[in-house]
>>> print(open('run-v1.cif').read())   # mmCIF, C-alpha atoms
data_data
#
loop_
_atom_site.label_atom_id
_atom_site.label_comp_id
_atom_site.auth_asym_id
_atom_site.auth_seq_id
_atom_site.Cartn_x
_atom_site.Cartn_y
_atom_site.Cartn_z
CA GLU A 292 2.28 21.29 -2.24
CA ASP A 293 1.16 22.67 1.11
CA LYS A 294 2.85 21.10 4.09
CA VAL A 295 3.32 21.40 7.83
CA VAL A 296 6.46 19.88 9.32
CA GLN A 297 6.99 19.29 13.01
CA SER A 298 10.20 18.51 14.81
CA PRO A 299 11.33 16.57 16.64
CA LEU A 300 9.02 13.63 15.95
CA SER A 301 9.55 12.37 19.48
CA LEU A 302 11.13 13.64 22.64
CA VAL A 303 11.83 12.12 26.05
CA VAL A 304 12.49 14.45 28.96
CA HIS A 305 12.39 14.37 32.75
CA GLU A 306 9.95 16.20 34.96
CA GLY A 307 10.97 19.81 35.45
CA ASP A 308 12.67 20.11 32.07
CA THR A 309 11.73 22.80 29.56
CA VAL A 310 10.91 21.71 26.01
CA THR A 311 10.53 23.52 22.71
CA LEU A 312 8.49 21.98 19.93
CA ASN A 313 8.88 23.27 16.38
CA CYS A 314 6.47 23.68 13.53
CA SER A 315 7.34 25.01 10.08
CA TYR A 316 4.89 25.44 7.25
CA GLU A 317 4.53 26.15 3.57
CA VAL A 318 0.87 26.86 3.01
CA THR A 319 -0.97 28.97 0.47
CA ASN A 320 -3.54 31.44 1.78
CA PHE A 321 -2.48 31.14 5.42
CA ARG A 322 -5.13 32.25 7.89
CA SER A 323 -4.05 30.90 11.27
CA LEU A 324 -1.87 28.35 13.03
CA LEU A 325 -3.24 26.14 15.78
CA TRP A 326 -1.66 23.88 18.38
CA TYR A 327 -3.46 20.85 19.78
CA LYS A 328 -2.62 18.29 22.45
CA GLN A 329 -3.70 14.71 21.74
CA GLU A 330 -3.61 12.23 24.59
CA LYS A 331 -5.82 9.18 24.28
CA LYS A 332 -8.27 10.30 21.69
CA ALA A 333 -9.49 13.71 20.57
CA PRO A 334 -7.13 16.63 19.94
CA THR A 335 -7.73 19.33 22.53
CA PHE A 336 -7.22 22.93 21.54
CA LEU A 337 -4.27 24.82 23.03
CA PHE A 338 -3.58 27.98 21.03
CA MET A 339 -4.52 29.79 17.87
CA LEU A 340 -2.02 32.26 16.39
CA THR A 341 -2.70 34.69 13.60
CA SER A 342 -0.26 37.56 14.14
CA SER A 343 3.50 37.44 14.06
CA GLY A 344 5.49 38.06 17.20
CA ILE A 345 2.62 37.96 19.69
CA GLU A 346 3.12 35.31 22.35
CA LYS A 347 0.14 33.36 23.60
CA LYS A 348 0.44 31.94 27.12
CA SER A 349 -1.55 29.54 29.22
CA GLY A 350 0.08 28.49 32.45
CA ARG A 351 3.32 26.68 31.67
CA LEU A 352 2.61 26.61 27.94
CA SER A 353 3.38 29.39 25.50
CA SER A 354 3.55 29.75 21.75
CA ILE A 355 4.68 32.28 19.20
CA LEU A 356 4.37 32.64 15.45
CA ASP A 357 6.86 34.03 12.93
CA LYS A 358 5.02 34.67 9.68
CA LYS A 359 8.12 35.93 7.90
CA GLU A 360 10.12 32.77 8.56
CA LEU A 361 7.00 30.56 8.44
CA PHE A 362 7.35 28.77 11.74
CA SER A 363 5.93 28.52 15.22
CA ILE A 364 7.24 27.14 18.50
CA LEU A 365 5.44 25.69 21.48
CA ASN A 366 7.27 25.95 24.80
CA ILE A 367 6.45 23.94 27.87
CA THR A 368 8.27 24.88 31.08
CA ALA A 369 8.59 22.78 34.23
CA THR A 370 7.21 19.73 32.45
CA GLN A 371 5.03 17.25 34.32
CA THR A 372 4.14 13.64 33.53
CA GLY A 373 0.67 14.87 32.58
CA ASP A 374 2.22 16.76 29.68
CA SER A 375 3.00 13.43 27.99
CA ALA A 376 1.04 13.47 24.75
CA ILE A 377 1.29 14.06 21.03
CA TYR A 378 1.37 17.76 20.18
CA LEU A 379 -0.11 18.64 16.83
CA CYS A 380 0.48 21.76 14.80
CA ALA A 381 -2.07 22.70 12.14
CA VAL A 382 -2.45 25.54 9.67
CA TYR A 383 -5.77 26.80 8.38
CA ARG A 384 -5.86 27.41 4.63
CA GLY A 385 -8.48 30.01 3.86
CA SER A 386 -9.04 29.14 0.22
CA GLN A 387 -9.44 25.41 0.88
CA GLY A 388 -11.31 25.91 4.12
CA ASN A 389 -9.49 23.32 6.16
CA LEU A 390 -6.70 22.59 8.60
CA ILE A 391 -3.59 20.83 7.35
CA PHE A 392 -1.85 18.96 10.15
CA GLY A 393 1.74 18.06 10.84
CA LYS A 394 2.64 14.53 11.90
CA GLY A 395 2.96 15.63 15.53
CA THR A 396 5.64 15.52 18.21
CA LYS A 397 5.32 12.71 20.74
CA LEU A 398 6.44 14.02 24.12
CA SER A 399 7.19 11.62 26.95
CA VAL A 400 7.89 13.09 30.38
CA LYS A 401 9.58 10.70 32.80
CA PRO A 402 9.18 11.12 36.58
CA ASP B 1278 -15.20 18.28 27.12
CA SER B 1279 -15.16 20.30 23.88
CA GLY B 1280 -18.93 20.43 23.48
CA VAL B 1281 -18.79 18.48 20.21
CA THR B 1282 -20.49 15.09 20.43
CA GLN B 1283 -20.03 12.08 18.20
CA THR B 1284 -21.78 8.74 18.05
CA PRO B 1285 -21.07 5.90 18.13
CA LYS B 1286 -17.75 5.70 19.98
CA HIS B 1287 -16.83 2.40 18.41
CA LEU B 1288 -18.02 0.60 15.31
CA ILE B 1289 -17.00 -2.83 14.09
CA THR B 1290 -18.29 -3.93 10.73
CA ALA B 1291 -17.41 -6.16 7.80
CA THR B 1292 -15.98 -5.28 4.41
CA GLY B 1293 -18.57 -4.17 1.90
CA GLN B 1294 -20.91 -2.79 4.53
CA ARG B 1295 -22.20 0.77 5.00
CA VAL B 1296 -22.08 2.83 8.20
CA THR B 1297 -23.19 6.27 9.34
CA LEU B 1298 -21.27 8.40 11.82
CA ARG B 1299 -23.05 11.25 13.57
CA CYS B 1300 -21.78 14.56 14.91
CA SER B 1301 -23.39 17.42 16.82
CA PRO B 1302 -21.37 20.66 16.84
CA ARG B 1303 -20.87 22.98 19.78
CA SER B 1304 -23.76 25.29 20.50
CA GLY B 1305 -23.46 28.32 18.23
CA ASP B 1306 -21.01 26.75 15.77
CA LEU B 1307 -22.19 26.69 12.17
CA SER B 1308 -19.21 24.96 10.55
CA VAL B 1309 -18.59 21.24 10.78
CA TYR B 1310 -15.45 19.46 9.58
CA TRP B 1311 -14.76 15.74 9.21
CA TYR B 1312 -11.25 14.28 9.59
CA GLN B 1313 -9.81 10.81 9.32
CA GLN B 1314 -6.87 9.75 11.46
CA SER B 1315 -4.89 6.63 10.67
CA LEU B 1316 -1.51 5.57 12.00
CA ASP B 1317 0.34 6.08 8.75
CA GLN B 1318 -1.47 9.15 7.39
CA GLY B 1319 -2.03 11.28 10.46
CA LEU B 1320 -5.03 13.62 10.55
CA GLN B 1321 -6.51 14.15 7.09
CA PHE B 1322 -9.29 16.56 6.21
CA LEU B 1323 -12.29 15.00 4.50
CA ILE B 1324 -15.04 17.57 4.10
CA GLN B 1325 -16.47 20.81 5.52
CA TYR B 1326 -20.03 22.07 5.86
CA TYR B 1327 -21.20 25.52 6.80
CA ASN B 1328 -24.80 26.18 7.76
CA GLY B 1329 -26.05 23.20 5.77
CA GLU B 1330 -23.96 23.75 2.64
CA GLU B 1331 -20.84 21.90 1.55
CA ARG B 1332 -17.96 24.37 1.62
CA ALA B 1333 -14.76 22.43 1.05
CA LYS B 1334 -13.62 18.95 0.15
CA GLY B 1335 -10.37 17.23 0.93
CA ASN B 1336 -9.23 13.76 0.00
CA ILE B 1337 -12.63 12.23 0.50
CA LEU B 1338 -13.28 9.00 -1.37
CA GLU B 1339 -16.29 8.73 -3.66
CA ARG B 1340 -17.57 5.93 -1.42
CA PHE B 1341 -17.87 8.50 1.38
CA SER B 1342 -20.49 11.21 1.60
CA ALA B 1343 -21.70 13.65 4.21
CA GLN B 1344 -24.44 16.12 4.91
CA GLN B 1345 -25.36 18.76 7.46
CA PHE B 1346 -28.96 19.02 8.54
CA PRO B 1347 -31.05 22.10 9.42
CA ASP B 1348 -30.41 21.53 13.13
CA LEU B 1349 -26.66 21.66 12.20
CA HIS B 1350 -25.82 18.09 13.13
CA SER B 1351 -23.85 16.25 10.49
CA GLU B 1352 -23.57 12.69 9.29
CA LEU B 1353 -20.70 10.99 7.48
CA ASN B 1354 -21.72 7.98 5.41
CA LEU B 1355 -19.11 5.38 4.51
CA SER B 1356 -20.09 2.67 2.05
CA SER B 1357 -18.52 -0.39 0.41
CA LEU B 1358 -16.13 -0.45 3.32
CA GLU B 1359 -12.61 -1.77 2.88
CA LEU B 1360 -10.05 -2.87 5.45
CA GLY B 1361 -8.11 0.34 4.81
CA ASP B 1362 -11.04 2.44 5.98
CA SER B 1363 -10.33 1.36 9.55
CA ALA B 1364 -9.40 4.57 11.36
CA LEU B 1365 -10.47 7.17 13.86
CA TYR B 1366 -13.00 9.60 12.42
CA PHE B 1367 -13.22 13.00 14.06
CA CYS B 1368 -15.74 15.74 13.70
CA ALA B 1369 -14.77 19.31 14.57
CA SER B 1370 -16.76 22.51 14.69
CA SER B 1371 -16.09 26.23 14.60
CA VAL B 1372 -18.13 29.41 14.55
CA ASP B 1373 -17.55 29.95 10.83
CA PRO B 1374 -15.18 28.80 8.07
CA SER B 1375 -13.07 31.96 7.93
CA GLY B 1376 -10.15 30.49 9.86
CA SER B 1377 -10.52 33.21 12.47
CA TYR B 1378 -12.01 30.85 15.03
CA GLU B 1379 -10.54 27.74 16.57
CA GLN B 1380 -11.85 24.29 15.70
CA TYR B 1381 -12.94 22.06 18.57
CA PHE B 1382 -12.82 18.31 18.11
CA GLY B 1383 -15.29 15.68 19.19
CA PRO B 1384 -14.21 12.45 20.92
CA GLY B 1385 -14.11 10.55 17.65
CA THR B 1386 -15.54 7.30 16.30
CA ARG B 1387 -13.18 4.35 16.01
CA LEU B 1388 -14.14 2.31 12.96
CA THR B 1389 -12.82 -1.20 12.58
CA VAL B 1390 -13.51 -3.00 9.32
CA THR B 1391 -12.95 -6.76 9.45
#
>>> encode(input="run-v1.cif", output="structure tokens")
Amino acid sequence: EDKVVQSPLSLVVHEGDTVTLNCSYEVTNFRSLLWYKQEKKAPTFLFMLTSSGIEKKSGRLSSILDKKELFSILNITATQTGDSAIYLCAVYRGSQGNLIFGKGTKLSVKP
Amino acid sequence: DSGVTQTPKHLITATGQRVTLRCSPRSGDLSVYWYQQSLDQGLQFLIQYYNGEERAKGNILERFSAQQFPDLHSELNLSSLELGDSALYFCASSVDPSGSYEQYFGPGTRLTVT
């Protein structure tokens, strides 16, 4: 059965800390892996990764995919309270035409 | 703002009733996806449409149906509602269903069945 597993499920850090969120997957017909940030309501898109070993960066956030070991990490440096959210990892299955989501990592950043 | 719009934002209805949720995709996007998010199940894929045609189905109940219209907006119809149908319903859109383009999510409709 296809699955996406995120760890840790929750994390509490202080402002300025660096965090690494993990996502492993077992999915047939992998096409891409996506990271989303969900605060109050809708997931907002962060990154899409399709190729192994190529880091995507946006400000303090970065992500990389390892297609051989079937995992991805999302790094957030110099965390701020505004980074507090649930971070969702999802994998797009080409044959089924849909994203399969992990349960998410709830990040809390304390001032 | 992702560019995907959904109406209504909130819906409160009684068991046994029928509701319709509406979604307009981002300009230029031909694929529309519907997801259900509940506390215990997380985000679950329901159904996908591409340019008016159903492309993929997930764990969508028979009581639920959807369609995509020629102007590309989509509607999700939920009937014979049960308490367990209470959830957040999201619509997402992408350029096409290949998986090569990111999916952008609308703000969601919170459905409460009493």
>>> interface_residues(input="run-v1.cif", of="chain B", to="chain A", cutoff="7 Å", atoms="all atoms listed in the file", output="VMD selection string")
chain B and resid 1319 to 1320 1322 1333 1374 to 1377 1379 1381 to 1385
>>> closest_residue(input="run-v1.cif", among="B:Gly1329, B:Gly1361, B:Pro1285, B:Gly1335", to="Leu1307 of chain B", atoms="all atoms listed in the file")
B:Gly1329
>>> closest_residue(input="run-v1.cif", among="B:Thr1386, B:Gln1318, B:Thr1282, B:Asn1336", to="Phe1367 of chain B", atoms="all atoms listed in the file")
B:Thr1386
>>> resolve_selection(input="run-v1.cif", expression="the PyMOL selection byres ((chain B and resi 1291) around 10)", output="ChimeraX atom specification")
/B:1289-1290,1292-1295,1357-1360,1389-1391
>>> atom_distance(input="run-v1.cif", atom1="atom CA of Glu292 of chain A", atom2="atom CA of Lys397 of chain A")
24.7 Å
>>> atom_distance(input="run-v1.cif", atom1="atom CA of Gly307 of chain A", atom2="atom CA of Glu346 of chain A")
21.8 Å
>>> resolve_selection(input="run-v1.cif", expression="the PyMOL selection byres ((chain B and resi 1365) around 7)", output="CSV table (one decimal) with C-alpha atoms, in the coordinates of the input")
chain,number,residue,atom,x,y,z
B,1313,GLN,CA,-9.8,10.8,9.3
B,1314,GLN,CA,-6.9,9.8,11.5
B,1315,SER,CA,-4.9,6.6,10.7
B,1364,ALA,CA,-9.4,4.6,11.4
B,1366,TYR,CA,-13.0,9.6,12.4
B,1367,PHE,CA,-13.2,13.0,14.1
B,1385,GLY,CA,-14.1,10.6,17.6
B,1386,THR,CA,-15.5,7.3,16.3
B,1387,ARG,CA,-13.2,4.4,16.0
B,1388,LEU,CA,-14.1,2.3,13.0
>>> atom_distance(input="run-v1.cif", atom1="atom CA of Val318 of chain A", atom2="atom CA of Ser363 of chain A")
13.3 Å
>>> residues_around(input="run-v1.cif", residues="Val303 of chain A", least_positions_apart="5", cutoff="8 Å", atoms="only C-alpha atoms", output="ChimeraX atom specification")
/A:398-401
>>> residues_around(input="run-v1.cif", residues="Asp1373 of chain B", least_positions_apart="6", cutoff="9 Å", atoms="all atoms listed in the file", output="PDB file with C-alpha atoms, in the coordinates of the input")
ATOM      1  CA  ASP B1306     -21.010  26.750  15.770  1.00  0.00           C
ATOM      2  CA  LEU B1307     -22.190  26.690  12.170  1.00  0.00           C
ATOM      3  CA  SER B1308     -19.210  24.960  10.550  1.00  0.00           C
ATOM      4  CA  VAL B1309     -18.590  21.240  10.780  1.00  0.00           C
ATOM      5  CA  TYR B1327     -21.200  25.520   6.800  1.00  0.00           C
ATOM      6  CA  ASN B1328     -24.800  26.180   7.760  1.00  0.00           C
TER       7      ASN B1328
END
>>> resolve_selection(input="run-v1.cif", expression="the PyMOL selection byres ((chain A and resi 365) around 10)", output="ChimeraX atom specification")
/A:310-314,326,337-338,346-348,352-356,363-364,366-367,378,380
>>> closest_residue(input="run-v1.cif", among="B:Thr1297, B:Gly1305, B:Val1372, B:Leu1323", to="Leu1355 of chain B", atoms="all atoms listed in the file")
B:Thr1297
>>> residues_near_point(input="run-v1.cif", point="(-18.9, 21.0, 5.4)", cutoff="8 Å", atoms="all atoms listed in the file", output="list in words")
Ser1308, Val1309, Tyr1310, Trp1311, Ile1324, Gln1325, Tyr1326, Tyr1327, Gly1329, Glu1330, Glu1331, Arg1332, Ala1333, Lys1334, Ala1343, Gln1344 and Gln1345 of chain B
>>> closest_residue(input="run-v1.cif", among="B:Leu1298, B:Leu1288, B:Leu1338, B:Leu1349", to="Ser1370 of chain B", atoms="only C-alpha atoms")
B:Leu1349
>>> decode(input="run-v1.cif", residues="segment 295-321 of chain A", atoms="N, CA, C and O atoms", output="PDB file, in the first residue's frame")
ATOM      1  N   VAL A 295       3.038   7.697   2.798  1.00  0.00           N
ATOM      2  CA  VAL A 295       3.970   8.798   3.039  1.00  0.00           C
ATOM      3  C   VAL A 295       4.030   8.993   4.548  1.00  0.00           C
ATOM      4  O   VAL A 295       3.000   9.171   5.198  1.00  0.00           O
ATOM      5  N   VAL A 296       5.238   8.932   5.098  1.00  0.00           N
ATOM      6  CA  VAL A 296       5.398   8.995   6.548  1.00  0.00           C
ATOM      7  C   VAL A 296       6.269  10.188   6.908  1.00  0.00           C
ATOM      8  O   VAL A 296       7.397  10.311   6.404  1.00  0.00           O
ATOM      9  N   GLN A 297       5.751  11.033   7.781  1.00  0.00           N
ATOM     10  CA  GLN A 297       6.506  12.199   8.206  1.00  0.00           C
ATOM     11  C   GLN A 297       6.951  12.055   9.649  1.00  0.00           C
ATOM     12  O   GLN A 297       6.255  11.474  10.473  1.00  0.00           O
ATOM     13  N   SER A 298       8.118  12.604   9.930  1.00  0.00           N
ATOM     14  CA  SER A 298       8.597  12.612  11.314  1.00  0.00           C
ATOM     15  C   SER A 298       9.425  13.877  11.552  1.00  0.00           C
ATOM     16  O   SER A 298      10.013  14.422  10.620  1.00  0.00           O
ATOM     17  N   PRO A 299       9.436  14.383  12.791  1.00  0.00           N
ATOM     18  CA  PRO A 299       8.557  13.946  13.877  1.00  0.00           C
ATOM     19  C   PRO A 299       7.127  14.417  13.637  1.00  0.00           C
ATOM     20  O   PRO A 299       6.876  15.213  12.729  1.00  0.00           O
ATOM     21  N   LEU A 300       6.191  13.937  14.441  1.00  0.00           N
ATOM     22  CA  LEU A 300       4.803  14.394  14.307  1.00  0.00           C
ATOM     23  C   LEU A 300       4.652  15.799  14.863  1.00  0.00           C
ATOM     24  O   LEU A 300       3.808  16.564  14.385  1.00  0.00           O
ATOM     25  N   SER A 301       5.431  16.122  15.884  1.00  0.00           N
ATOM     26  CA  SER A 301       5.396  17.485  16.405  1.00  0.00           C
ATOM     27  C   SER A 301       6.771  17.856  16.929  1.00  0.00           C
ATOM     28  O   SER A 301       7.588  16.996  17.261  1.00  0.00           O
ATOM     29  N   LEU A 302       6.993  19.158  16.977  1.00  0.00           N
ATOM     30  CA  LEU A 302       8.310  19.680  17.305  1.00  0.00           C
ATOM     31  C   LEU A 302       8.144  21.062  17.930  1.00  0.00           C
ATOM     32  O   LEU A 302       7.393  21.891  17.396  1.00  0.00           O
ATOM     33  N   VAL A 303       8.816  21.280  19.048  1.00  0.00           N
ATOM     34  CA  VAL A 303       8.791  22.602  19.672  1.00  0.00           C
ATOM     35  C   VAL A 303      10.216  23.113  19.732  1.00  0.00           C
ATOM     36  O   VAL A 303      11.106  22.424  20.247  1.00  0.00           O
ATOM     37  N   VAL A 304      10.419  24.297  19.173  1.00  0.00           N
ATOM     38  CA  VAL A 304      11.765  24.882  19.151  1.00  0.00           C
ATOM     39  C   VAL A 304      11.666  26.343  19.574  1.00  0.00           C
ATOM     40  O   VAL A 304      10.566  26.880  19.746  1.00  0.00           O
ATOM     41  N   HIS A 305      12.821  26.985  19.756  1.00  0.00           N
ATOM     42  CA  HIS A 305      12.858  28.404  20.058  1.00  0.00           C
ATOM     43  C   HIS A 305      13.309  29.186  18.836  1.00  0.00           C
ATOM     44  O   HIS A 305      14.016  28.656  17.961  1.00  0.00           O
ATOM     45  N   GLU A 306      12.889  30.425  18.804  1.00  0.00           N
ATOM     46  CA  GLU A 306      13.275  31.294  17.685  1.00  0.00           C
ATOM     47  C   GLU A 306      14.787  31.248  17.475  1.00  0.00           C
ATOM     48  O   GLU A 306      15.555  31.275  18.444  1.00  0.00           O
ATOM     49  N   GLY A 307      15.176  31.180  16.213  1.00  0.00           N
ATOM     50  CA  GLY A 307      16.598  31.143  15.891  1.00  0.00           C
ATOM     51  C   GLY A 307      17.131  29.739  15.680  1.00  0.00           C
ATOM     52  O   GLY A 307      18.204  29.569  15.085  1.00  0.00           O
ATOM     53  N   ASP A 308      16.387  28.741  16.161  1.00  0.00           N
ATOM     54  CA  ASP A 308      16.827  27.354  15.970  1.00  0.00           C
ATOM     55  C   ASP A 308      16.698  26.953  14.505  1.00  0.00           C
ATOM     56  O   ASP A 308      15.942  27.561  13.741  1.00  0.00           O
ATOM     57  N   THR A 309      17.425  25.897  14.146  1.00  0.00           N
ATOM     58  CA  THR A 309      17.291  25.281  12.820  1.00  0.00           C
ATOM     59  C   THR A 309      16.583  23.946  12.995  1.00  0.00           C
ATOM     60  O   THR A 309      16.878  23.205  13.927  1.00  0.00           O
ATOM     61  N   VAL A 310      15.624  23.674  12.111  1.00  0.00           N
ATOM     62  CA  VAL A 310      14.875  22.419  12.203  1.00  0.00           C
ATOM     63  C   VAL A 310      14.960  21.652  10.895  1.00  0.00           C
ATOM     64  O   VAL A 310      15.103  22.241   9.818  1.00  0.00           O
ATOM     65  N   THR A 311      14.868  20.334  11.028  1.00  0.00           N
ATOM     66  CA  THR A 311      14.833  19.452   9.859  1.00  0.00           C
ATOM     67  C   THR A 311      13.608  18.557   9.987  1.00  0.00           C
ATOM     68  O   THR A 311      13.448  17.848  10.980  1.00  0.00           O
ATOM     69  N   LEU A 312      12.760  18.621   8.989  1.00  0.00           N
ATOM     70  CA  LEU A 312      11.564  17.794   8.949  1.00  0.00           C
ATOM     71  C   LEU A 312      11.774  16.692   7.913  1.00  0.00           C
ATOM     72  O   LEU A 312      12.324  16.936   6.837  1.00  0.00           O
ATOM     73  N   ASN A 313      11.305  15.488   8.266  1.00  0.00           N
ATOM     74  CA  ASN A 313      11.572  14.326   7.423  1.00  0.00           C
ATOM     75  C   ASN A 313      10.310  13.786   6.773  1.00  0.00           C
ATOM     76  O   ASN A 313       9.226  13.831   7.353  1.00  0.00           O
ATOM     77  N   CYS A 314      10.509  13.249   5.577  1.00  0.00           N
ATOM     78  CA  CYS A 314       9.400  12.644   4.853  1.00  0.00           C
ATOM     79  C   CYS A 314       9.930  11.436   4.099  1.00  0.00           C
ATOM     80  O   CYS A 314      10.827  11.577   3.258  1.00  0.00           O
ATOM     81  N   SER A 315       9.404  10.260   4.400  1.00  0.00           N
ATOM     82  CA  SER A 315       9.782   9.071   3.637  1.00  0.00           C
ATOM     83  C   SER A 315       8.547   8.544   2.914  1.00  0.00           C
ATOM     84  O   SER A 315       7.424   8.778   3.348  1.00  0.00           O
ATOM     85  N   TYR A 316       8.754   7.855   1.821  1.00  0.00           N
ATOM     86  CA  TYR A 316       7.607   7.430   1.037  1.00  0.00           C
ATOM     87  C   TYR A 316       7.837   6.067   0.394  1.00  0.00           C
ATOM     88  O   TYR A 316       8.963   5.661   0.133  1.00  0.00           O
ATOM     89  N   GLU A 317       6.731   5.383   0.203  1.00  0.00           N
ATOM     90  CA  GLU A 317       6.695   4.158  -0.597  1.00  0.00           C
ATOM     91  C   GLU A 317       5.495   4.319  -1.512  1.00  0.00           C
ATOM     92  O   GLU A 317       4.356   4.153  -1.079  1.00  0.00           O
ATOM     93  N   VAL A 318       5.742   4.715  -2.725  1.00  0.00           N
ATOM     94  CA  VAL A 318       4.657   5.068  -3.646  1.00  0.00           C
ATOM     95  C   VAL A 318       4.958   4.504  -5.019  1.00  0.00           C
ATOM     96  O   VAL A 318       6.064   4.667  -5.533  1.00  0.00           O
ATOM     97  N   THR A 319       3.968   3.863  -5.609  1.00  0.00           N
ATOM     98  CA  THR A 319       4.140   3.361  -6.972  1.00  0.00           C
ATOM     99  C   THR A 319       3.975   4.503  -7.964  1.00  0.00           C
ATOM    100  O   THR A 319       3.192   5.424  -7.732  1.00  0.00           O
ATOM    101  N   ASN A 320       4.714   4.441  -9.035  1.00  0.00           N
ATOM    102  CA  ASN A 320       4.627   5.440 -10.103  1.00  0.00           C
ATOM    103  C   ASN A 320       4.826   6.865  -9.585  1.00  0.00           C
ATOM    104  O   ASN A 320       4.022   7.758  -9.842  1.00  0.00           O
ATOM    105  N   PHE A 321       5.916   7.062  -8.864  1.00  0.00           N
ATOM    106  CA  PHE A 321       6.262   8.373  -8.314  1.00  0.00           C
ATOM    107  C   PHE A 321       6.459   9.366  -9.448  1.00  0.00           C
ATOM    108  O   PHE A 321       7.139   9.083 -10.432  1.00  0.00           O
TER     109      PHE A 321
END
